Amino acid sequence: MEIFSSFMDPGGGGEMLGRYVHLLAGITWIGLLYYFNFVQTPAFAEVSDATRSEAMRTITWRALWWFRFGALLTFLSGIWILGAQRLLGERFDDFWTTPSGLSIAIGAIFATVMFLNVWLVIWPAQQVIIGSARQVAEGGEADPAAAARAKPAARASRANTLLSIPMLWFMAFTSHYSTRYGAIDDSSLVVVLVLSLIILAVIELTALGKIGGFDSPLAKQLFDKHRDTIVAGFVVWFILFVIGYEFIIGAS
Ligand code: HEM
């Protein structure tokens with residue numbers, strides 16, 4: 001069978017199957033992320049405490065299983081694709097300084113931070129919050145730690161929504177458009193990479209409450225309303241793609 005010939009070579013069946021798994025896992029993860037942000041959070045603000053508690057224990061709990069394992073599989077299949085393309089091995093030096101290399105570096109770094117937000121911030125917080133709802137439903141006391149965990153989880157979830165907008169662009173841009181750009185000179189490469197990392201750091205540290213707390217003016221602007229989060233996502237996309245690739249790299 002053709003798909004098994006040169007299976008582990010760049011462009012072979014292993015890379016293609018990895019891409020397929022990556023896309024299925026990615027839509028599972030990001031689809032649920034958008035459900036949480038655009039549907040569940042606004043709906044939960046309108047319903048009674050009892051309804052919210054029941055929904056958390058039945059719907060949110062199940063959704064979080066697909067969400068976190070979707071994130072894990074997306075991450076692992078992304079690393080698999082990089083491995084199959086030999087980009088972590090023999091092609092390492094040649095690739096990362098090209099427009100495609102820089103593009104997938106930005107996409108993969110953004111997505112890896114998002115993956116860490118899921119497993120290190122959102123999921124641990126939700127375990128406490130939903131665990132507390134369960135205890136109350138069974139006639140026990142609410143966990144006093146639960147209330148304090150809601151804000152960090154919500155901020156990380158909004159940060160992931162924001163980051164997903166430029167991240168997905170760079171995922172798809174890598175193979176389907178970035179090859180139109182010529183070689184990047186070193187200074188343009190450094191400027192765009194540093195710009196990307198600074199933007200990422202500001203968004204992430206703001207979401208973690210490390211820049212002026214969870215309710216700093218920037219945190220409220222970026223994360224309080226999901227519409228503002230979406231707008232911010234496109235602003236970041238504009239800076240990284242239009243300014244980064246079109247003006248800086250395009251002129252290099
Ligand atoms: C978590 C870390 C992630 C890593 C390390 C990663 C890595 C990769 C790699 C190496 C590629 C192939 C790039 C190329 O040569 O064309 C890719 C493509 C892609 N990734 Fe990711 N990715 C990650 C997360 C995500 C997420 C969360 C999504 C959301 C759906 C996603 C969606 C895509 C899409 C749509 C493509 C383009 C496939 C194509 O057109 O061929 N990735 N990713």
# chains A, B, ... in the order shown; residues from 1 in each chain; ligands from 1
>>> closest_atom_pairs(of="chain A", to="ligand 1", cutoff="7 Å", atoms="only C-alpha atoms and all ligand atoms", output="Markdown table")
| residue | atom | partner | partner_atom_place_in_ligand_line | distance |
| --- | --- | --- | --- | --- |
| A:Arg19 | CA | ligand 1 | 38 (C) | 6.1 |
| A:His22 | CA | ligand 1 | 20 (N) | 6.4 |
| A:Leu23 | CA | ligand 1 | 30 (C) | 5.6 |
| A:Gly26 | CA | ligand 1 | 30 (C) | 3.5 |
| A:Ile27 | CA | ligand 1 | 30 (C) | 4.8 |
| A:Trp29 | CA | ligand 1 | 27 (C) | 6.9 |
| A:Ile30 | CA | ligand 1 | 29 (C) | 6.0 |
| A:Ala71 | CA | ligand 1 | 27 (C) | 6.7 |
| A:Thr74 | CA | ligand 1 | 1 (C) | 5.5 |
| A:Phe75 | CA | ligand 1 | 1 (C) | 3.6 |
| A:Gly78 | CA | ligand 1 | 7 (C) | 3.5 |
| A:Ile79 | CA | ligand 1 | 5 (C) | 4.9 |
| A:Ile81 | CA | ligand 1 | 10 (C) | 4.9 |
| A:Leu82 | CA | ligand 1 | 10 (C) | 4.5 |
| A:Ile104 | CA | ligand 1 | 13 (C) | 5.9 |
| A:Gly107 | CA | ligand 1 | 22 (N) | 6.7 |
| A:Ala108 | CA | ligand 1 | 4 (C) | 4.3 |
| A:Ile109 | CA | ligand 1 | 2 (C) | 7.0 |
| A:Ala111 | CA | ligand 1 | 1 (C) | 4.3 |
| A:Thr112 | CA | ligand 1 | 2 (C) | 4.4 |
| A:Phe115 | CA | ligand 1 | 1 (C) | 5.6 |
| A:Leu168 | CA | ligand 1 | 32 (C) | 5.7 |
| A:Met171 | CA | ligand 1 | 19 (C) | 4.2 |
| A:Ala172 | CA | ligand 1 | 37 (C) | 4.0 |
| A:Thr174 | CA | ligand 1 | 16 (O) | 4.8 |
| A:Ser175 | CA | ligand 1 | 16 (O) | 3.9 |
| A:His176 | CA | ligand 1 | 40 (O) | 6.5 |
>>> write_last_selection(atoms="N, CA, C and O atoms", output="compact mmCIF listing (two decimals), in the first residue's frame")
# COMPACT_ATOMS: atom_id res chain seq x y z
N ARG A 19 -0.95 14.50 10.38
CA ARG A 19 -1.72 15.71 10.06
C ARG A 19 -3.22 15.49 10.26
O ARG A 19 -3.93 16.34 10.78
N HIS A 22 -3.96 15.30 13.84
CA HIS A 22 -3.76 16.66 14.35
C HIS A 22 -5.01 17.52 14.10
O HIS A 22 -5.46 18.24 14.98
N LEU A 23 -5.55 17.42 12.91
CA LEU A 23 -6.72 18.23 12.58
C LEU A 23 -7.94 17.78 13.38
O LEU A 23 -8.69 18.61 13.90
N GLY A 26 -7.36 18.77 16.93
CA GLY A 26 -7.37 20.24 17.04
C GLY A 26 -8.79 20.80 17.01
O GLY A 26 -9.13 21.67 17.82
N ILE A 27 -9.64 20.28 16.09
CA ILE A 27 -11.01 20.84 16.07
C ILE A 27 -11.78 20.43 17.33
O ILE A 27 -12.61 21.19 17.81
N TRP A 29 -10.48 20.09 20.35
CA TRP A 29 -10.02 20.99 21.42
C TRP A 29 -10.55 22.41 21.22
O TRP A 29 -11.22 22.98 22.09
N ILE A 30 -10.26 22.97 20.06
CA ILE A 30 -10.59 24.38 19.87
C ILE A 30 -12.10 24.57 19.73
O ILE A 30 -12.65 25.59 20.16
N ALA A 71 -6.58 18.41 23.52
CA ALA A 71 -5.39 19.26 23.59
C ALA A 71 -4.11 18.41 23.60
O ALA A 71 -3.14 18.70 22.89
N THR A 74 -3.56 16.85 20.18
CA THR A 74 -3.14 17.88 19.22
C THR A 74 -1.65 18.17 19.39
O THR A 74 -0.89 18.23 18.43
N PHE A 75 -1.25 18.33 20.65
CA PHE A 75 0.15 18.63 20.93
C PHE A 75 1.05 17.48 20.46
O PHE A 75 2.03 17.69 19.74
N GLY A 78 1.21 17.21 16.76
CA GLY A 78 2.01 18.32 16.21
C GLY A 78 3.50 18.01 16.29
O GLY A 78 4.25 18.21 15.32
N ILE A 79 3.91 17.48 17.45
CA ILE A 79 5.32 17.10 17.61
C ILE A 79 5.67 15.96 16.64
O ILE A 79 6.75 15.91 16.05
N ILE A 81 4.38 15.44 13.68
CA ILE A 81 4.56 16.00 12.32
C ILE A 81 5.97 16.61 12.21
O ILE A 81 6.67 16.39 11.23
N LEU A 82 6.34 17.36 13.24
CA LEU A 82 7.68 17.97 13.21
C LEU A 82 8.76 16.89 13.11
O LEU A 82 9.73 17.03 12.36
N ILE A 104 5.79 28.18 11.41
CA ILE A 104 5.37 27.06 12.27
C ILE A 104 5.94 27.23 13.68
O ILE A 104 5.33 26.80 14.66
N GLY A 107 3.36 29.47 15.32
CA GLY A 107 2.13 28.71 15.57
C GLY A 107 2.32 27.69 16.68
O GLY A 107 1.49 27.58 17.59
N ALA A 108 3.42 26.94 16.61
CA ALA A 108 3.62 25.86 17.58
C ALA A 108 3.94 26.41 18.98
O ALA A 108 3.49 25.83 19.98
N ILE A 109 4.67 27.52 19.06
CA ILE A 109 4.96 28.09 20.39
C ILE A 109 3.66 28.62 21.02
O ILE A 109 3.37 28.36 22.19
N ALA A 111 0.65 27.60 20.38
CA ALA A 111 -0.22 26.46 20.70
C ALA A 111 0.30 25.68 21.91
O ALA A 111 -0.49 25.14 22.69
N THR A 112 1.62 25.64 22.07
CA THR A 112 2.17 24.92 23.23
C THR A 112 1.84 25.66 24.53
O THR A 112 1.50 25.04 25.55
N PHE A 115 -1.66 24.81 25.23
CA PHE A 115 -1.74 23.44 25.76
C PHE A 115 -1.38 23.43 27.26
O PHE A 115 -2.05 22.81 28.09
N LEU A 168 -3.89 29.64 14.60
CA LEU A 168 -4.42 28.81 13.51
C LEU A 168 -4.00 29.34 12.14
O LEU A 168 -3.80 28.58 11.19
N MET A 171 -0.54 27.98 11.60
CA MET A 171 -0.57 26.54 11.32
C MET A 171 -0.83 26.31 9.83
O MET A 171 -0.13 25.55 9.17
N ALA A 172 -1.88 26.95 9.33
CA ALA A 172 -2.27 26.70 7.93
C ALA A 172 -1.36 27.44 6.94
O ALA A 172 -1.07 26.93 5.85
N THR A 174 1.78 27.92 7.08
CA THR A 174 3.10 27.28 6.91
C THR A 174 3.23 26.55 5.58
O THR A 174 4.13 26.83 4.79
N SER A 175 2.31 25.61 5.31
CA SER A 175 2.43 24.83 4.07
C SER A 175 1.73 25.47 2.89
O SER A 175 2.02 25.14 1.75
N HIS A 176 0.76 26.34 3.17
CA HIS A 176 -0.12 26.78 2.09
C HIS A 176 0.13 28.18 1.57
O HIS A 176 -0.55 28.62 0.65
>>> residues_around(residues="Pro144 of chain A", least_positions_apart="6", cutoff="10 Å", atoms="only C-alpha atoms", output="list in words")
Val128, Ile129 and Ser132 of chain A
>>> select_by_dssp(residues="segment 41-179 of chain A", states="alpha helix (DSSP H)", output="short mmCIF file (atom, residue, chain, number, x, y, z; two decimals) with N, CA and C atoms, in the first residue's frame")
data_model
loop_
_atom_site.label_atom_id
_atom_site.label_comp_id
_atom_site.auth_asym_id
_atom_site.auth_seq_id
_atom_site.Cartn_x
_atom_site.Cartn_y
_atom_site.Cartn_z
N THR A 41 -20.09 30.13 29.01
CA THR A 41 -19.87 31.19 30.00
C THR A 41 -21.01 32.21 30.00
N PRO A 42 -21.42 32.75 28.82
CA PRO A 42 -22.56 33.69 28.86
C PRO A 42 -23.84 33.02 29.36
N ALA A 43 -24.06 31.76 29.01
CA ALA A 43 -25.29 31.08 29.47
C ALA A 43 -25.26 30.88 30.98
N PHE A 44 -24.09 30.51 31.52
CA PHE A 44 -23.99 30.27 32.97
C PHE A 44 -24.25 31.56 33.76
N ASP A 49 -28.17 29.24 40.36
CA ASP A 49 -27.03 28.49 40.91
C ASP A 49 -27.23 26.98 40.77
N ALA A 50 -28.48 26.54 41.01
CA ALA A 50 -28.75 25.10 40.96
C ALA A 50 -28.59 24.57 39.54
N THR A 51 -29.09 25.33 38.56
CA THR A 51 -28.96 24.90 37.16
C THR A 51 -27.49 24.86 36.75
N ARG A 52 -26.76 25.91 37.16
CA ARG A 52 -25.33 25.98 36.81
C ARG A 52 -24.58 24.79 37.41
N SER A 53 -24.89 24.50 38.65
CA SER A 53 -24.21 23.39 39.33
C SER A 53 -24.51 22.07 38.62
N GLU A 54 -25.75 21.86 38.25
CA GLU A 54 -26.10 20.61 37.59
C GLU A 54 -25.43 20.53 36.21
N ALA A 55 -25.43 21.64 35.49
CA ALA A 55 -24.80 21.66 34.16
C ALA A 55 -23.29 21.41 34.28
N TRP A 61 -18.28 18.77 32.86
CA TRP A 61 -17.36 17.70 33.25
C TRP A 61 -17.02 16.82 32.05
N ARG A 62 -18.06 16.43 31.29
CA ARG A 62 -17.82 15.58 30.11
C ARG A 62 -17.06 16.37 29.04
N ALA A 63 -17.47 17.62 28.82
CA ALA A 63 -16.80 18.43 27.79
C ALA A 63 -15.32 18.58 28.10
N LEU A 64 -15.00 18.71 29.42
CA LEU A 64 -13.59 18.89 29.81
C LEU A 64 -12.74 17.66 29.50
N TRP A 65 -13.35 16.48 29.50
CA TRP A 65 -12.59 15.27 29.16
C TRP A 65 -12.13 15.36 27.70
N TRP A 66 -13.04 15.62 26.79
CA TRP A 66 -12.69 15.74 25.37
C TRP A 66 -11.75 16.91 25.14
N PHE A 67 -11.98 17.98 25.90
CA PHE A 67 -11.18 19.21 25.77
C PHE A 67 -9.71 18.94 26.11
N ARG A 68 -9.46 18.34 27.28
CA ARG A 68 -8.06 18.21 27.68
C ARG A 68 -7.34 17.12 26.91
N PHE A 69 -8.06 16.01 26.58
CA PHE A 69 -7.37 14.98 25.81
C PHE A 69 -7.27 15.37 24.33
N GLY A 70 -8.21 16.19 23.86
CA GLY A 70 -8.05 16.77 22.52
C GLY A 70 -6.79 17.63 22.46
N ALA A 71 -6.58 18.41 23.52
CA ALA A 71 -5.39 19.26 23.59
C ALA A 71 -4.11 18.41 23.60
N LEU A 72 -4.14 17.33 24.40
CA LEU A 72 -2.96 16.47 24.49
C LEU A 72 -2.65 15.83 23.14
N LEU A 73 -3.68 15.31 22.49
CA LEU A 73 -3.45 14.64 21.20
C LEU A 73 -3.02 15.65 20.12
N THR A 74 -3.56 16.85 20.18
CA THR A 74 -3.14 17.88 19.22
C THR A 74 -1.65 18.17 19.39
N PHE A 75 -1.25 18.33 20.65
CA PHE A 75 0.15 18.63 20.93
C PHE A 75 1.05 17.48 20.46
N LEU A 76 0.68 16.25 20.85
CA LEU A 76 1.54 15.10 20.50
C LEU A 76 1.60 14.90 18.98
N SER A 77 0.46 15.06 18.29
CA SER A 77 0.48 14.87 16.84
C SER A 77 1.24 16.01 16.16
N GLY A 78 1.21 17.21 16.76
CA GLY A 78 2.01 18.32 16.21
C GLY A 78 3.50 18.01 16.29
N ILE A 79 3.91 17.48 17.45
CA ILE A 79 5.32 17.10 17.61
C ILE A 79 5.67 15.96 16.64
N TRP A 80 4.71 15.03 16.46
CA TRP A 80 4.90 13.91 15.52
C TRP A 80 5.16 14.45 14.11
N ILE A 81 4.38 15.44 13.68
CA ILE A 81 4.56 16.00 12.32
C ILE A 81 5.97 16.61 12.21
N LEU A 82 6.34 17.36 13.24
CA LEU A 82 7.68 17.97 13.21
C LEU A 82 8.76 16.89 13.11
N GLY A 83 8.56 15.79 13.85
CA GLY A 83 9.52 14.68 13.83
C GLY A 83 9.55 14.04 12.45
N ALA A 84 8.36 13.78 11.88
CA ALA A 84 8.29 13.12 10.57
C ALA A 84 8.93 14.00 9.49
N PHE A 92 16.90 20.49 10.93
CA PHE A 92 16.70 21.55 11.92
C PHE A 92 17.31 22.88 11.46
N ASP A 93 18.61 22.85 11.12
CA ASP A 93 19.32 24.10 10.83
C ASP A 93 18.80 24.80 9.58
N ASP A 94 18.43 24.00 8.56
CA ASP A 94 18.02 24.60 7.29
C ASP A 94 16.64 25.21 7.34
N PHE A 95 15.78 24.66 8.21
CA PHE A 95 14.36 24.99 8.12
C PHE A 95 13.92 26.20 8.92
N PRO A 99 10.82 31.34 5.86
CA PRO A 99 9.48 31.85 6.19
C PRO A 99 8.58 30.75 6.75
N SER A 100 8.66 29.53 6.20
CA SER A 100 7.82 28.44 6.71
C SER A 100 8.26 28.04 8.12
N GLY A 101 9.55 28.00 8.35
CA GLY A 101 10.06 27.62 9.67
C GLY A 101 9.63 28.62 10.73
N LEU A 102 9.77 29.91 10.41
CA LEU A 102 9.36 30.93 11.38
C LEU A 102 7.85 30.84 11.62
N SER A 103 7.11 30.59 10.56
CA SER A 103 5.65 30.50 10.68
C SER A 103 5.24 29.36 11.61
N ILE A 104 5.79 28.18 11.41
CA ILE A 104 5.37 27.06 12.27
C ILE A 104 5.94 27.23 13.68
N ALA A 105 7.09 27.91 13.79
CA ALA A 105 7.62 28.18 15.13
C ALA A 105 6.63 29.06 15.90
N ILE A 106 6.14 30.11 15.26
CA ILE A 106 5.18 31.00 15.95
C ILE A 106 3.91 30.21 16.30
N GLY A 107 3.36 29.47 15.32
CA GLY A 107 2.13 28.71 15.57
C GLY A 107 2.32 27.69 16.68
N ALA A 108 3.42 26.94 16.61
CA ALA A 108 3.62 25.86 17.58
C ALA A 108 3.94 26.41 18.98
N ILE A 109 4.67 27.52 19.06
CA ILE A 109 4.96 28.09 20.39
C ILE A 109 3.66 28.62 21.02
N PHE A 110 2.87 29.34 20.24
CA PHE A 110 1.58 29.84 20.75
C PHE A 110 0.73 28.65 21.23
N ALA A 111 0.65 27.60 20.38
CA ALA A 111 -0.22 26.46 20.70
C ALA A 111 0.30 25.68 21.91
N THR A 112 1.62 25.64 22.07
CA THR A 112 2.17 24.92 23.23
C THR A 112 1.84 25.66 24.53
N VAL A 113 1.90 26.99 24.49
CA VAL A 113 1.50 27.76 25.68
C VAL A 113 0.01 27.51 25.97
N MET A 114 -0.79 27.44 24.91
CA MET A 114 -2.23 27.16 25.09
C MET A 114 -2.43 25.78 25.72
N PHE A 115 -1.66 24.81 25.23
CA PHE A 115 -1.74 23.44 25.76
C PHE A 115 -1.38 23.43 27.26
N LEU A 116 -0.33 24.18 27.63
CA LEU A 116 0.06 24.24 29.04
C LEU A 116 -1.02 24.94 29.87
N TRP A 123 -7.60 22.95 33.77
CA TRP A 123 -8.08 21.67 34.28
C TRP A 123 -7.92 21.55 35.80
N PRO A 124 -6.75 21.87 36.39
CA PRO A 124 -6.66 21.78 37.86
C PRO A 124 -7.71 22.67 38.55
N ALA A 125 -7.95 23.87 38.01
CA ALA A 125 -8.94 24.76 38.64
C ALA A 125 -10.35 24.17 38.51
N GLN A 126 -10.66 23.62 37.33
CA GLN A 126 -12.00 23.05 37.14
C GLN A 126 -12.23 21.83 38.02
N GLN A 127 -11.18 21.08 38.30
CA GLN A 127 -11.34 19.93 39.22
C GLN A 127 -11.83 20.40 40.59
N VAL A 128 -11.23 21.52 41.05
CA VAL A 128 -11.63 22.06 42.36
C VAL A 128 -13.06 22.61 42.30
N ILE A 129 -13.35 23.37 41.22
CA ILE A 129 -14.66 24.04 41.11
C ILE A 129 -15.78 23.00 40.98
N ILE A 130 -15.59 22.04 40.09
CA ILE A 130 -16.66 21.05 39.88
C ILE A 130 -16.72 20.07 41.06
N GLY A 131 -15.56 19.78 41.65
CA GLY A 131 -15.55 18.94 42.86
C GLY A 131 -16.38 19.59 43.97
N SER A 132 -16.25 20.90 44.10
CA SER A 132 -17.01 21.61 45.12
C SER A 132 -18.51 21.55 44.82
N ALA A 133 -18.87 21.73 43.53
CA ALA A 133 -20.29 21.65 43.14
C ALA A 133 -20.85 20.26 43.47
N ARG A 134 -20.04 19.24 43.25
CA ARG A 134 -20.47 17.86 43.56
C ARG A 134 -20.72 17.69 45.06
N GLN A 135 -19.77 18.23 45.87
CA GLN A 135 -19.92 18.10 47.33
C GLN A 135 -21.22 18.75 47.79
N VAL A 136 -21.51 19.95 47.26
CA VAL A 136 -22.73 20.67 47.66
C VAL A 136 -23.96 19.86 47.23
N ALA A 137 -23.91 19.32 45.99
CA ALA A 137 -25.06 18.55 45.48
C ALA A 137 -25.31 17.31 46.34
N ALA A 146 -12.68 26.92 46.01
CA ALA A 146 -13.25 26.90 44.66
C ALA A 146 -13.44 28.31 44.07
N ALA A 147 -13.95 29.24 44.88
CA ALA A 147 -14.27 30.57 44.34
C ALA A 147 -13.01 31.24 43.78
N ALA A 148 -11.90 31.06 44.49
CA ALA A 148 -10.65 31.72 44.06
C ALA A 148 -10.09 31.11 42.78
N ARG A 149 -10.52 29.90 42.41
CA ARG A 149 -9.95 29.26 41.22
C ARG A 149 -10.68 29.66 39.93
N ALA A 150 -11.86 30.30 40.08
CA ALA A 150 -12.66 30.60 38.88
C ALA A 150 -11.98 31.63 37.98
N LYS A 151 -11.46 32.69 38.56
CA LYS A 151 -10.88 33.77 37.76
C LYS A 151 -9.65 33.31 36.97
N PRO A 152 -8.66 32.66 37.62
CA PRO A 152 -7.51 32.20 36.83
C PRO A 152 -7.91 31.29 35.68
N ALA A 153 -8.88 30.40 35.92
CA ALA A 153 -9.31 29.48 34.85
C ALA A 153 -9.96 30.26 33.71
N ALA A 154 -10.80 31.23 34.08
CA ALA A 154 -11.50 32.01 33.05
C ALA A 154 -10.52 32.84 32.23
N ARG A 155 -9.53 33.42 32.92
CA ARG A 155 -8.53 34.25 32.21
C ARG A 155 -7.70 33.39 31.25
N ALA A 156 -7.28 32.21 31.69
CA ALA A 156 -6.47 31.34 30.83
C ALA A 156 -7.29 30.87 29.62
N SER A 157 -8.57 30.63 29.85
CA SER A 157 -9.43 30.18 28.77
C SER A 157 -9.61 31.29 27.72
N ARG A 158 -9.76 32.52 28.20
CA ARG A 158 -9.88 33.65 27.26
C ARG A 158 -8.55 33.89 26.53
N ALA A 159 -7.44 33.73 27.26
CA ALA A 159 -6.13 33.91 26.60
C ALA A 159 -5.99 32.89 25.47
N ASN A 160 -6.44 31.65 25.72
CA ASN A 160 -6.35 30.62 24.67
C ASN A 160 -7.24 30.98 23.48
N THR A 161 -8.41 31.55 23.76
CA THR A 161 -9.30 31.96 22.66
C THR A 161 -8.61 33.03 21.81
N LEU A 162 -8.02 34.02 22.50
CA LEU A 162 -7.31 35.09 21.78
C LEU A 162 -6.17 34.51 20.93
N LEU A 163 -5.35 33.67 21.58
CA LEU A 163 -4.16 33.14 20.90
C LEU A 163 -4.53 32.21 19.75
N SER A 164 -5.69 31.56 19.85
CA SER A 164 -6.07 30.61 18.79
C SER A 164 -6.21 31.31 17.44
N ILE A 165 -6.57 32.58 17.46
CA ILE A 165 -6.84 33.27 16.19
C ILE A 165 -5.56 33.44 15.36
N PRO A 166 -4.49 34.04 15.91
CA PRO A 166 -3.25 34.05 15.12
C PRO A 166 -2.63 32.65 15.01
N MET A 167 -2.73 31.82 16.05
CA MET A 167 -2.09 30.50 16.01
C MET A 167 -2.56 29.68 14.81
N LEU A 168 -3.89 29.64 14.60
CA LEU A 168 -4.42 28.81 13.51
C LEU A 168 -4.00 29.34 12.14
N TRP A 169 -3.89 30.66 12.06
CA TRP A 169 -3.39 31.25 10.81
C TRP A 169 -2.01 30.68 10.49
N PHE A 170 -1.12 30.71 11.48
CA PHE A 170 0.26 30.27 11.21
C PHE A 170 0.35 28.76 10.98
N MET A 171 -0.54 27.98 11.60
CA MET A 171 -0.57 26.54 11.32
C MET A 171 -0.83 26.31 9.83
N ALA A 172 -1.88 26.95 9.33
CA ALA A 172 -2.27 26.70 7.93
C ALA A 172 -1.36 27.44 6.94
N PHE A 173 -0.88 28.61 7.34
CA PHE A 173 -0.02 29.46 6.51
C PHE A 173 1.29 28.74 6.15
N THR A 174 1.78 27.92 7.08
CA THR A 174 3.10 27.28 6.91
C THR A 174 3.23 26.55 5.58
N SER A 175 2.31 25.61 5.31
CA SER A 175 2.43 24.83 4.07
C SER A 175 1.73 25.47 2.89
N HIS A 176 0.76 26.34 3.17
CA HIS A 176 -0.12 26.78 2.09
C HIS A 176 0.13 28.18 1.57
#
>>> residues_around(residues="segment 181-184 of chain A", least_positions_apart="4", cutoff="9 Å", atoms="only C-alpha atoms", output="VMD selection string")
chain A and resid 97 to 100 177 188 to 189 245 to 246 249 to 250 252
>>> closest_residue(among="A:Asp143, A:Glu204, A:Glu138, A:Glu90", to="Pro10 of chain A", atoms="only C-alpha atoms")
A:Glu90
>>> atom_distance(atom1="atom CA of Thr28 of chain A", atom2="atom CA of Thr60 of chain A")
14.4 Å
